[in-house]
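Source file: input.cif (mmCIF, C-alpha atoms and all ligand atoms)
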data_protein
loop_
_atom_site.group_PDB
_atom_site.id
_atom_site.type_symbol
_atom_site.label_atom_id
_atom_site.label_comp_id
_atom_site.auth_asym_id
_atom_site.auth_seq_id
_atom_site.Cartn_x
_atom_site.Cartn_y
_atom_site.Cartn_z
ATOM 1 C CA MET S 1 304.740 103.132 98.856
ATOM 2 C CA SER S 2 302.205 104.571 101.319
ATOM 3 C CA THR S 3 300.863 103.038 104.530
ATOM 4 C CA LEU S 4 298.048 101.368 102.676
ATOM 5 C CA THR S 5 296.194 98.774 104.746
ATOM 6 C CA ILE S 6 293.687 96.270 103.423
ATOM 7 C CA THR S 7 291.242 94.731 105.906
ATOM 8 C CA PRO S 8 288.655 92.161 104.777
ATOM 9 C CA LEU S 9 285.066 93.045 105.665
ATOM 10 C CA GLY S 10 283.340 89.864 104.567
ATOM 11 C CA PHE S 11 284.125 86.327 103.470
ATOM 12 C CA ALA S 12 282.438 86.469 100.076
ATOM 13 C CA ALA S 13 283.366 90.064 99.253
ATOM 14 C CA GLY S 14 284.400 93.412 100.656
ATOM 15 C CA ALA S 15 287.597 94.887 102.050
ATOM 16 C CA GLU S 16 288.408 98.247 103.550
ATOM 17 C CA VAL S 17 291.367 100.208 102.268
ATOM 18 C CA THR S 18 292.842 102.785 104.621
ATOM 19 C CA GLY S 19 296.069 104.751 104.940
ATOM 20 C CA ILE S 20 295.670 106.438 101.584
ATOM 21 C CA ASP S 21 294.470 109.851 100.424
ATOM 22 C CA LEU S 22 292.772 109.384 97.073
ATOM 23 C CA ARG S 23 293.254 113.044 96.158
ATOM 24 C CA LYS S 24 296.983 112.399 95.808
ATOM 25 C CA PRO S 25 298.513 110.771 92.742
ATOM 26 C CA LEU S 26 298.651 106.988 93.041
ATOM 27 C CA ASP S 27 302.073 105.423 92.608
ATOM 28 C CA ALA S 28 302.533 102.215 90.637
ATOM 29 C CA ALA S 29 303.069 100.024 93.712
ATOM 30 C CA ASP S 30 299.875 101.184 95.417
ATOM 31 C CA ARG S 31 297.914 100.945 92.193
ATOM 32 C CA LEU S 32 299.012 97.333 91.884
ATOM 33 C CA ARG S 33 298.139 96.518 95.507
ATOM 34 C CA ILE S 34 294.718 98.072 95.120
ATOM 35 C CA ASN S 35 294.099 96.210 91.898
ATOM 36 C CA GLU S 36 295.140 92.905 93.483
ATOM 37 C CA ALA S 37 292.896 93.544 96.487
ATOM 38 C CA TRP S 38 290.075 94.452 94.120
ATOM 39 C CA LEU S 39 290.409 91.200 92.173
ATOM 40 C CA ARG S 40 290.403 89.264 95.424
ATOM 41 C CA HIS S 41 287.669 91.065 97.388
ATOM 42 C CA LEU S 42 285.492 92.390 94.504
ATOM 43 C CA VAL S 43 284.340 95.409 96.514
ATOM 44 C CA LEU S 44 286.787 97.873 98.043
ATOM 45 C CA VAL S 45 285.681 100.479 100.558
ATOM 46 C CA PHE S 46 287.760 103.639 100.930
ATOM 47 C CA PRO S 47 286.314 105.427 103.953
ATOM 48 C CA ARG S 48 286.562 109.135 104.776
ATOM 49 C CA GLN S 49 287.467 110.411 101.318
ATOM 50 C CA GLU S 50 286.104 113.774 100.207
ATOM 51 C CA LEU S 51 286.714 113.975 96.496
ATOM 52 C CA THR S 52 285.674 116.629 94.032
ATOM 53 C CA PRO S 53 284.213 115.241 90.790
ATOM 54 C CA GLN S 54 287.538 115.905 89.084
ATOM 55 C CA GLU S 55 289.479 114.078 91.818
ATOM 56 C CA GLN S 56 287.123 111.115 91.635
ATOM 57 C CA ILE S 57 287.594 110.963 87.862
ATOM 58 C CA VAL S 58 291.388 111.141 88.142
ATOM 59 C CA PHE S 59 291.460 108.359 90.737
ATOM 60 C CA ALA S 60 289.046 106.176 88.739
ATOM 61 C CA ARG S 61 291.198 106.482 85.610
ATOM 62 C CA ASN S 62 293.938 104.527 87.373
ATOM 63 C CA PHE S 63 291.809 101.457 86.739
ATOM 64 C CA GLY S 64 290.752 102.012 83.159
ATOM 65 C CA ALA S 65 289.069 104.332 80.715
ATOM 66 C CA LEU S 66 285.849 105.894 81.932
ATOM 67 C CA ASP S 67 282.512 105.368 80.298
ATOM 68 C CA GLN S 68 281.013 108.576 78.936
ATOM 69 C CA HIS S 69 277.568 107.279 79.884
ATOM 70 C CA GLU S 70 276.057 107.451 76.426
ATOM 71 C CA SER S 71 273.660 104.738 77.554
ATOM 72 C CA GLN S 72 272.153 107.176 80.070
ATOM 73 C CA ALA S 73 269.771 110.090 79.714
ATOM 74 C CA PRO S 74 271.959 113.255 79.708
ATOM 75 C CA GLN S 75 269.877 114.865 82.481
ATOM 76 C CA THR S 76 271.171 112.213 84.890
ATOM 77 C CA LEU S 77 274.834 113.106 84.344
ATOM 78 C CA HIS S 78 276.922 115.704 86.122
ATOM 79 C CA ALA S 79 276.576 118.934 84.138
ATOM 80 C CA ASP S 80 280.332 119.469 83.802
ATOM 81 C CA HIS S 81 281.536 115.859 83.791
ATOM 82 C CA HIS S 82 279.739 113.206 81.769
ATOM 83 C CA GLU S 83 281.996 110.637 83.399
ATOM 84 C CA ILE S 84 279.862 111.094 86.503
ATOM 85 C CA LEU S 85 276.364 109.721 86.851
ATOM 86 C CA VAL S 86 274.514 111.477 89.648
ATOM 87 C CA LEU S 87 272.313 109.193 91.712
ATOM 88 C CA THR S 88 270.034 111.480 93.656
ATOM 89 C CA ASN S 89 266.556 111.514 95.112
ATOM 90 C CA LYS S 90 266.598 115.327 95.254
ATOM 91 C CA LEU S 91 264.713 117.349 92.681
ATOM 92 C CA VAL S 92 266.691 118.257 89.583
ATOM 93 C CA GLY S 93 265.546 121.444 87.850
ATOM 94 C CA GLY S 94 262.395 121.339 89.982
ATOM 95 C CA LYS S 95 261.531 117.829 88.749
ATOM 96 C CA GLN S 96 261.930 114.337 90.092
ATOM 97 C CA SER S 97 265.379 113.062 89.132
ATOM 98 C CA GLY S 98 265.767 110.183 86.672
ATOM 99 C CA THR S 99 267.887 108.318 89.232
ATOM 100 C CA HIS S 100 265.763 108.683 92.367
ATOM 101 C CA ASN S 101 265.173 104.930 92.502
ATOM 102 C CA SER S 102 268.253 103.577 90.703
ATOM 103 C CA GLY S 103 269.623 100.119 91.288
ATOM 104 C CA ARG S 104 266.639 98.637 93.121
ATOM 105 C CA ASN S 105 266.920 95.146 91.690
ATOM 106 C CA TRP S 106 269.919 92.856 91.443
ATOM 107 C CA HIS S 107 272.023 93.887 88.493
ATOM 108 C CA THR S 108 275.425 94.281 86.951
ATOM 109 C CA ASP S 109 276.005 97.823 85.714
ATOM 110 C CA LEU S 110 275.240 98.404 82.056
ATOM 111 C CA SER S 111 274.387 94.750 81.390
ATOM 112 C CA TYR S 112 271.733 96.183 79.065
ATOM 113 C CA THR S 113 274.533 97.327 76.738
ATOM 114 C CA THR S 114 276.733 95.107 74.563
ATOM 115 C CA CYS S 115 279.744 96.096 76.649
ATOM 116 C CA PRO S 116 278.872 96.032 80.377
ATOM 117 C CA ALA S 117 280.965 98.177 82.705
ATOM 118 C CA LYS S 118 284.250 96.765 83.981
ATOM 119 C CA GLY S 119 283.558 98.301 87.359
ATOM 120 C CA ALA S 120 282.221 101.321 89.127
ATOM 121 C CA LEU S 121 283.401 103.825 91.720
ATOM 122 C CA LEU S 122 280.569 105.216 93.805
ATOM 123 C CA HIS S 123 281.159 108.125 96.174
ATOM 124 C CA CYS S 124 278.691 108.911 98.936
ATOM 125 C CA LYS S 125 277.871 112.632 99.185
ATOM 126 C CA GLU S 126 274.691 112.614 101.274
ATOM 127 C CA LYS S 127 272.806 109.835 102.964
ATOM 128 C CA PRO S 128 269.697 109.262 105.047
ATOM 129 C CA PRO S 129 270.221 108.697 108.797
ATOM 130 C CA VAL S 130 269.503 104.979 108.468
ATOM 131 C CA GLY S 131 269.047 102.542 105.595
ATOM 132 C CA GLY S 132 269.874 102.926 101.936
ATOM 133 C CA ASP S 133 272.482 100.156 102.114
ATOM 134 C CA THR S 134 273.915 98.451 99.041
ATOM 135 C CA MET S 135 274.378 94.680 98.780
ATOM 136 C CA PHE S 136 276.942 92.969 96.569
ATOM 137 C CA ALA S 137 276.973 89.292 95.548
ATOM 138 C CA ASN S 138 280.013 87.282 94.528
ATOM 139 C CA LEU S 139 279.157 85.648 91.205
ATOM 140 C CA TYR S 140 282.279 83.490 91.107
ATOM 141 C CA ILE S 141 281.090 81.579 94.165
ATOM 142 C CA ALA S 142 277.608 81.468 92.699
ATOM 143 C CA TYR S 143 278.999 79.649 89.665
ATOM 144 C CA GLU S 144 281.410 77.409 91.546
ATOM 145 C CA THR S 145 278.788 76.143 93.984
ATOM 146 C CA LEU S 146 276.412 74.904 91.276
ATOM 147 C CA SER S 147 276.442 71.219 90.412
ATOM 148 C CA PRO S 148 278.679 70.175 87.505
ATOM 149 C CA THR S 149 275.576 69.194 85.509
ATOM 150 C CA MET S 150 273.953 72.607 85.976
ATOM 151 C CA ARG S 151 277.239 74.376 85.145
ATOM 152 C CA LYS S 152 277.461 72.385 81.931
ATOM 153 C CA LEU S 153 273.935 73.375 80.926
ATOM 154 C CA LEU S 154 274.637 77.034 81.640
ATOM 155 C CA GLU S 155 277.909 77.093 79.684
ATOM 156 C CA SER S 156 276.035 77.150 76.404
ATOM 157 C CA LEU S 157 273.155 79.342 77.539
ATOM 158 C CA GLU S 158 272.578 82.969 76.597
ATOM 159 C CA ALA S 159 270.297 85.487 78.255
ATOM 160 C CA LEU S 160 268.294 88.453 77.020
ATOM 161 C CA HIS S 161 269.031 91.557 79.110
ATOM 162 C CA ASP S 162 266.511 94.346 78.985
ATOM 163 C CA VAL S 163 266.715 97.904 80.312
ATOM 164 C CA SER S 164 262.952 98.003 80.758
ATOM 165 C CA LEU S 165 263.306 95.473 83.599
ATOM 166 C CA ILE S 166 264.957 98.075 85.818
ATOM 167 C CA ARG S 167 262.789 97.977 88.913
ATOM 168 C CA GLY S 168 260.674 101.093 89.332
ATOM 169 C CA ILE S 169 261.456 102.435 85.850
ATOM 170 C CA GLU S 170 257.709 103.018 85.331
ATOM 171 C CA GLN S 171 257.830 105.589 88.139
ATOM 172 C CA ARG S 172 260.268 107.765 86.195
ATOM 173 C CA ASP S 173 259.581 110.546 83.733
ATOM 174 C CA PRO S 174 258.202 108.775 80.592
ATOM 175 C CA ALA S 175 260.314 110.913 78.242
ATOM 176 C CA LEU S 176 263.437 109.915 80.107
ATOM 177 C CA VAL S 177 262.463 106.246 80.085
ATOM 178 C CA ALA S 178 261.744 106.382 76.353
ATOM 179 C CA ASP S 179 265.214 107.857 75.874
ATOM 180 C CA MET S 180 266.808 105.057 77.934
ATOM 181 C CA LYS S 181 264.977 102.411 75.897
ATOM 182 C CA ARG S 182 265.942 104.020 72.614
ATOM 183 C CA ARG S 183 269.577 104.088 73.683
ATOM 184 C CA ASN S 184 269.504 100.508 74.936
ATOM 185 C CA PRO S 185 267.671 97.933 72.820
ATOM 186 C CA PRO S 186 267.649 94.411 74.320
ATOM 187 C CA VAL S 187 270.982 92.572 74.211
ATOM 188 C CA ILE S 188 272.104 88.981 74.520
ATOM 189 C CA HIS S 189 274.967 87.880 76.794
ATOM 190 C CA PRO S 190 276.375 84.515 77.800
ATOM 191 C CA VAL S 191 275.274 83.219 81.197
ATOM 192 C CA VAL S 192 278.782 82.150 82.138
ATOM 193 C CA ARG S 193 281.609 84.644 81.737
ATOM 194 C CA VAL S 194 285.346 84.400 82.140
ATOM 195 C CA HIS S 195 287.011 87.208 84.036
ATOM 196 C CA PRO S 196 289.710 88.705 81.789
ATOM 197 C CA GLU S 197 292.175 89.232 84.658
ATOM 198 C CA THR S 198 291.618 86.274 86.988
ATOM 199 C CA GLY S 199 290.552 83.715 84.386
ATOM 200 C CA ARG S 200 287.795 82.544 86.747
ATOM 201 C CA LYS S 201 284.280 81.825 85.559
ATOM 202 C CA SER S 202 281.254 83.553 87.048
ATOM 203 C CA LEU S 203 277.500 83.367 86.730
ATOM 204 C CA PHE S 204 276.189 86.371 84.798
ATOM 205 C CA VAL S 205 272.635 86.587 86.131
ATOM 206 C CA GLY S 206 270.431 89.256 87.694
ATOM 207 C CA GLN S 207 266.917 90.622 87.668
ATOM 208 C CA ARG S 208 267.191 92.554 84.425
ATOM 209 C CA ILE S 209 267.104 89.370 82.380
ATOM 210 C CA ARG S 210 263.927 88.570 80.475
ATOM 211 C CA GLY S 211 264.754 84.984 79.655
ATOM 212 C CA PHE S 212 267.124 82.554 77.976
ATOM 213 C CA LEU S 213 267.482 81.874 74.297
ATOM 214 C CA GLY S 214 265.938 78.664 73.038
ATOM 215 C CA VAL S 215 264.145 78.135 76.345
ATOM 216 C CA SER S 216 260.405 78.563 76.831
ATOM 217 C CA ASP S 217 259.150 81.474 78.937
ATOM 218 C CA GLU S 218 257.995 79.096 81.616
ATOM 219 C CA GLU S 219 261.325 77.295 81.813
ATOM 220 C CA SER S 220 263.177 80.603 81.695
ATOM 221 C CA GLN S 221 261.284 82.091 84.616
ATOM 222 C CA SER S 222 261.864 79.080 86.874
ATOM 223 C CA LEU S 223 265.502 78.730 85.949
ATOM 224 C CA LEU S 224 266.147 82.451 86.338
ATOM 225 C CA ALA S 225 264.434 82.576 89.723
ATOM 226 C CA MET S 226 266.492 79.618 90.911
ATOM 227 C CA LEU S 227 269.768 81.093 89.647
ATOM 228 C CA ASN S 228 269.080 84.545 91.098
ATOM 229 C CA ALA S 229 268.064 83.124 94.475
ATOM 230 C CA HIS S 230 271.217 81.029 94.495
ATOM 231 C CA ALA S 231 273.522 83.843 93.353
ATOM 232 C CA THR S 232 272.234 86.244 95.980
ATOM 233 C CA SER S 233 272.301 83.776 98.898
ATOM 234 C CA PRO S 234 273.210 85.642 102.104
ATOM 235 C CA GLU S 235 276.476 83.662 102.298
ATOM 236 C CA PHE S 236 277.616 85.157 98.984
ATOM 237 C CA VAL S 237 276.751 88.744 99.886
ATOM 238 C CA TYR S 238 278.537 91.723 101.381
ATOM 239 C CA ARG S 239 276.194 94.449 102.632
ATOM 240 C CA HIS S 240 277.565 97.954 102.809
ATOM 241 C CA ARG S 241 276.208 100.488 105.270
ATOM 242 C CA TRP S 242 277.232 103.859 103.898
ATOM 243 C CA SER S 243 278.900 106.838 105.538
ATOM 244 C CA VAL S 244 279.320 110.158 103.785
ATOM 245 C CA GLY S 245 282.795 110.188 102.249
ATOM 246 C CA ASP S 246 282.890 106.458 101.433
ATOM 247 C CA LEU S 247 284.156 105.604 97.994
ATOM 248 C CA LEU S 248 283.286 102.080 96.893
ATOM 249 C CA MET S 249 284.914 100.413 93.944
ATOM 250 C CA TRP S 250 283.382 97.171 92.699
ATOM 251 C CA ASP S 251 284.318 94.665 90.058
ATOM 252 C CA ASN S 252 281.358 94.378 87.752
ATOM 253 C CA ARG S 253 282.832 91.421 85.883
ATOM 254 C CA CYS S 254 282.190 88.970 88.701
ATOM 255 C CA SER S 255 279.573 90.572 90.960
ATOM 256 C CA CYS S 256 276.093 92.016 91.011
ATOM 257 C CA HIS S 257 274.517 94.445 93.418
ATOM 258 C CA VAL S 258 271.284 96.021 94.598
ATOM 259 C CA ALA S 259 270.518 99.389 96.203
ATOM 260 C CA LEU S 260 267.973 98.984 98.972
ATOM 261 C CA GLY S 261 265.110 101.446 99.137
ATOM 262 C CA ASP S 262 264.656 100.946 102.872
ATOM 263 C CA PHE S 263 265.008 104.549 103.949
ATOM 264 C CA ASP S 264 263.014 107.717 104.532
ATOM 265 C CA GLN S 265 262.571 108.972 100.969
ATOM 266 C CA THR S 266 262.183 112.559 102.181
ATOM 267 C CA LYS S 267 265.835 112.463 103.282
ATOM 268 C CA PRO S 268 268.470 113.082 100.621
ATOM 269 C CA ARG S 269 270.621 110.291 99.279
ATOM 270 C CA VAL S 270 273.233 111.462 96.778
ATOM 271 C CA MET S 271 275.955 109.368 95.155
ATOM 272 C CA TYR S 272 278.374 110.113 92.331
ATOM 273 C CA ARG S 273 279.323 107.214 90.103
ATOM 274 C CA CYS S 274 282.155 106.735 87.634
ATOM 275 C CA SER S 275 281.834 103.662 85.435
ATOM 276 C CA LEU S 276 284.907 101.920 84.111
ATOM 277 C CA GLN S 277 284.409 101.088 80.469
ATOM 278 C CA GLY S 278 283.990 97.407 79.659
ATOM 279 C CA GLN S 279 287.041 96.018 77.904
ATOM 280 C CA GLU S 280 285.258 93.561 75.695
ATOM 281 C CA VAL S 281 281.998 93.344 73.884
ATOM 282 C CA THR S 282 280.279 90.281 75.342
ATOM 283 C CA GLY S 283 276.838 90.981 73.992
ATOM 284 C CA ARG S 284 275.002 91.436 70.730
ATOM 285 C CA PHE S 285 271.763 93.186 69.966
ATOM 286 C CA ALA S 286 268.748 90.921 70.048
ATOM 287 C CA THR S 287 267.613 92.297 66.686
ATOM 288 C CA GLU S 288 270.832 90.978 65.151
ATOM 289 C CA ALA S 289 270.334 87.463 66.488
ATOM 290 C CA ALA S 290 270.245 84.634 63.988
ATOM 291 C CA ALA S 291 266.825 83.960 62.477
ATOM 292 C CA ALA S 292 266.468 80.718 64.416
ATOM 293 C CA ASP S 293 267.138 82.511 67.665
ATOM 294 C CA ARG S 294 264.799 85.279 66.672
ATOM 295 C CA ASP S 295 261.859 82.910 66.360
ATOM 296 C CA GLN S 296 262.524 81.711 69.864
ATOM 297 C CA MET S 297 262.652 85.256 71.120
ATOM 298 C CA LEU S 298 259.694 86.792 69.366
ATOM 299 C CA GLN S 299 257.496 86.428 72.379
ATOM 300 C CA ALA S 300 260.035 88.051 74.674
ATOM 301 C CA VAL S 301 260.858 90.908 72.343
ATOM 302 C CA ALA S 302 257.183 91.611 71.702
ATOM 303 C CA ALA S 303 256.808 92.244 75.401
ATOM 304 C CA VAL S 304 259.626 94.756 75.266
ATOM 305 C CA SER S 305 258.601 97.064 72.449
HETATM 306 C C1 LIG T 1 275.054 102.068 90.885
HETATM 307 C C2 LIG T 1 274.117 101.518 91.838
HETATM 308 C C3 LIG T 1 273.824 101.568 94.173
HETATM 309 C C4 LIG T 1 273.445 102.552 95.220
HETATM 310 O O1 LIG T 1 275.524 103.189 91.107
HETATM 311 O O2 LIG T 1 275.381 101.392 89.920
HETATM 312 O O3 LIG T 1 273.539 100.500 91.589
HETATM 313 O O4 LIG T 1 273.441 102.116 96.372
HETATM 314 N N1 LIG T 1 274.004 102.191 92.956
HETATM 315 O O5 LIG T 1 273.137 103.702 94.918
HETATM 316 MN MN MN T 2 274.478 99.635 89.775
#

Mind turning the file's structure into structure tokens?
Amino acid sequence: MSTLTITPLGFAAGAEVTGIDLRKPLDAADRLRINEAWLRHLVLVFPRQELTPQEQIVFARNFGALDQHESQAPQTLHADHHEILVLTNKLVGGKQSGTHNSGRNWHTDLSYTTCPAKGALLHCKEKPPVGGDTMFANLYIAYETLSPTMRKLLESLEALHDVSLIRGIEQRDPALVADMKRRNPPVIHPVVRVHPETGRKSLFVGQRIRGFLGVSDEESQSLLAMLNAHATSPEFVYRHRWSVGDLLMWDNRCSCHVALGDFDQTKPRVMYRCSLQGQEVTGRFATEAAAADRDQMLQAVAAVS
């Protein structure tokens, strides 16, 4: 066992992990301690790590199989490693990158697929002098602090998640956006999920939801706004201020996050992300919904296509 130290950074989420060099192979005892800390704190921060793409991939694989990012436009992936999504506001091939404004509304990674990511490992390569923080919300607490009556209502509710609700997507290259939409038709997920490792329930909400099944647009918008405001209450949030070399690992099964655009956009911000593959399919394509559901959704889906 190494000298691994875990220091909480926030009440709702976040802990720093020091005394470990992520380039070295992880032994079983440390892997277990990290996993336990991850389940407890949802977001782990490993400061001062300088990993090559290959080293990041090897470390990430300790926590599950990596997504090959087939849901993403290929131009946004690392040329040699499709396990790495490159979030950059620098030009790519002389053109604006497809990820220059990624993550700008509250979301859970890959919720627009039938099998959302288990987690993600994001490594900071370059950052602006100030700003460009990322906020994470604890969705267990969000669920647990709702009234029993509201929880009961939500238990049976399903939501339509839609890639076209990514904030700022209209500012991206239209060909790339068309590709993203083709790869990711709208999907339906339950609003309450059970974490496969902790057994705890969490509220699966965010700003990439178009509405709820069997609920009118008007009702959906009010309910969604209420749930998102609740879930992202400051008390439930950990805000990370990045340093180059930070590697963050978050549990996507019980949290959501947002990347703030509050920085000088002429300064580079570059992050490499590995996504841990979801372990279970929790969603289904909206087009495969039962006919009764489909009637309810026609309005919503019409707005999508
Ligand atoms: C992500 C993401 C946040 C950031 O990589 O999934 O949302 O701060 N990024 O870049
Ligand atoms: Mn994200």

query: What does the distance between atom CA of S:Val130 and atom CA of S:His100 come to in Å, to one decimal place?
result: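 That distance, rounded to one decimal, is 16.9 Å.
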
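Once the PyMOL selection byres (((chain S and resi 249) around 7) and not hetatm) is applied to the shown structure, the selection contains Val43, Leu44, Val45, Ala120, Leu121, Leu122, Leu247, Leu248, Trp250 and Asp251 of chain S.
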
task: Kindly indicate which residue among S:Val244, S:Leu227, S:Met135, S:Leu26 lies nearest to ligand LIG 1 (chain T), using only C-alpha atoms and all ligand atoms for the distances.
output: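 Closest residue, counting only C-alpha atoms and all ligand atoms: S:Met135.
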
Could you list, with a cut-off of 7 Å and counting all atoms listed in the file, the residues of chain S near ligand MN 2 (chain T), each shown with its nearest atom pair and the distance in Å rounded to one decimal, rows sorted by chain and ascending number, as a Markdown table?
| residue | atom | partner | partner_atom | distance |
| --- | --- | --- | --- | --- |
| S:Gly103 | CA | T:MN2 | MN | 5.1 |
| S:His107 | CA | T:MN2 | MN | 6.4 |
| S:Thr108 | CA | T:MN2 | MN | 6.1 |
| S:Asp109 | CA | T:MN2 | MN | 4.7 |
| S:His257 | CA | T:MN2 | MN | 6.3 |
| S:Val258 | CA | T:MN2 | MN | 6.8 |

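Nearest residue to S:Ser243, choosing from S:Met271, S:Met226, S:Leu32, S:Ala15 and counting only C-alpha atoms: S:Met271.
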
message: Around ligand LIG 1 (chain T), out to 10 Å and counting all atoms listed in the file, which residues are there? I want them as an NGL selection string.
response: :S and (85-88 or 99-110 or 117 or 119-124 or 132-136 or 240-242 or 248 or 250 or 252 or 256-261 or 269-275)

- request: Grab the atom CA of S:Thr52 to atom CA of S:Thr7 distance for me, in Å with one decimal place.
  value: 25.5 Å

task: Determine the residue membership of the PyMOL selection byres (((chain S and resi 39) around 10) and not hetatm) for the file above and supply it as a list of chain:residue names.
output: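 When the PyMOL selection byres (((chain S and resi 39) around 10) and not hetatm) is applied to the shown file, the picked residues are S:Arg33, S:Ile34, S:Asn35, S:Glu36, S:Ala37, S:Trp38, S:Arg40, S:His41, S:Leu42, S:Val43, S:Leu44, S:His195, S:Glu197, S:Thr198, S:Trp250, S:Asp251, S:Arg253, S:Cys254.
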
query: Closest to S:Gly211 among S:Leu160, S:Ala231, S:Val187, S:Leu91, using all atoms listed in the file?
result: S:Leu160

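Proximity to stretch 166-175 of chain S at 8 Å, evaluated using only C-alpha atoms and with sequence-adjacent residues fewer than 2 positions away removed, yields Gln96, Ser97, Gly98, Asn101, Gly103, Arg104, Asn105, Asp162, Val163, Ser164, Val177, Ala178, Asp179, Gln207 and Arg208 of chain S.
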
message: When the PyMOL selection byres (((chain S and resi 202) around 8) and not hetatm) is applied to the structure above, which residues does it catch, written out as a ChimeraX atom specification?
response: /S:139-144,192-195,200-201,203-204,254

query: So which residues touch S:Phe59 within 9 Å, counting only C-alpha atoms, skipping near sequence neighbours fewer than 4 positions away, as an NGL selection string?
result: :S and (22-26 or 54-55 or 63)

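Pairwise distance (atom CA of S:Glu70, atom CA of S:Lys267) equals 29.2 Å.
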
Coordinates of box centre and edge lengths for stretch 8-23 of chain S, 4 Å on every side, axis-aligned, as AutoDock Vina command-line options:
--center_x 289.3 --center_y 99.7 --center_z 100.9 --size_x 21.6 --size_y 34.7 --size_z 17.5

- line: Judged by only C-alpha atoms, the minimum distance to S:Ser71 among S:Asn184, S:Lys90, S:Thr18, S:His161 is found for S:Asn184

field: Which of S:Ser156, S:Val205, S:Gly93, S:Gly10 sits closest to S:Glu235 [using all atoms listed in the file]
entry: S:Gly10
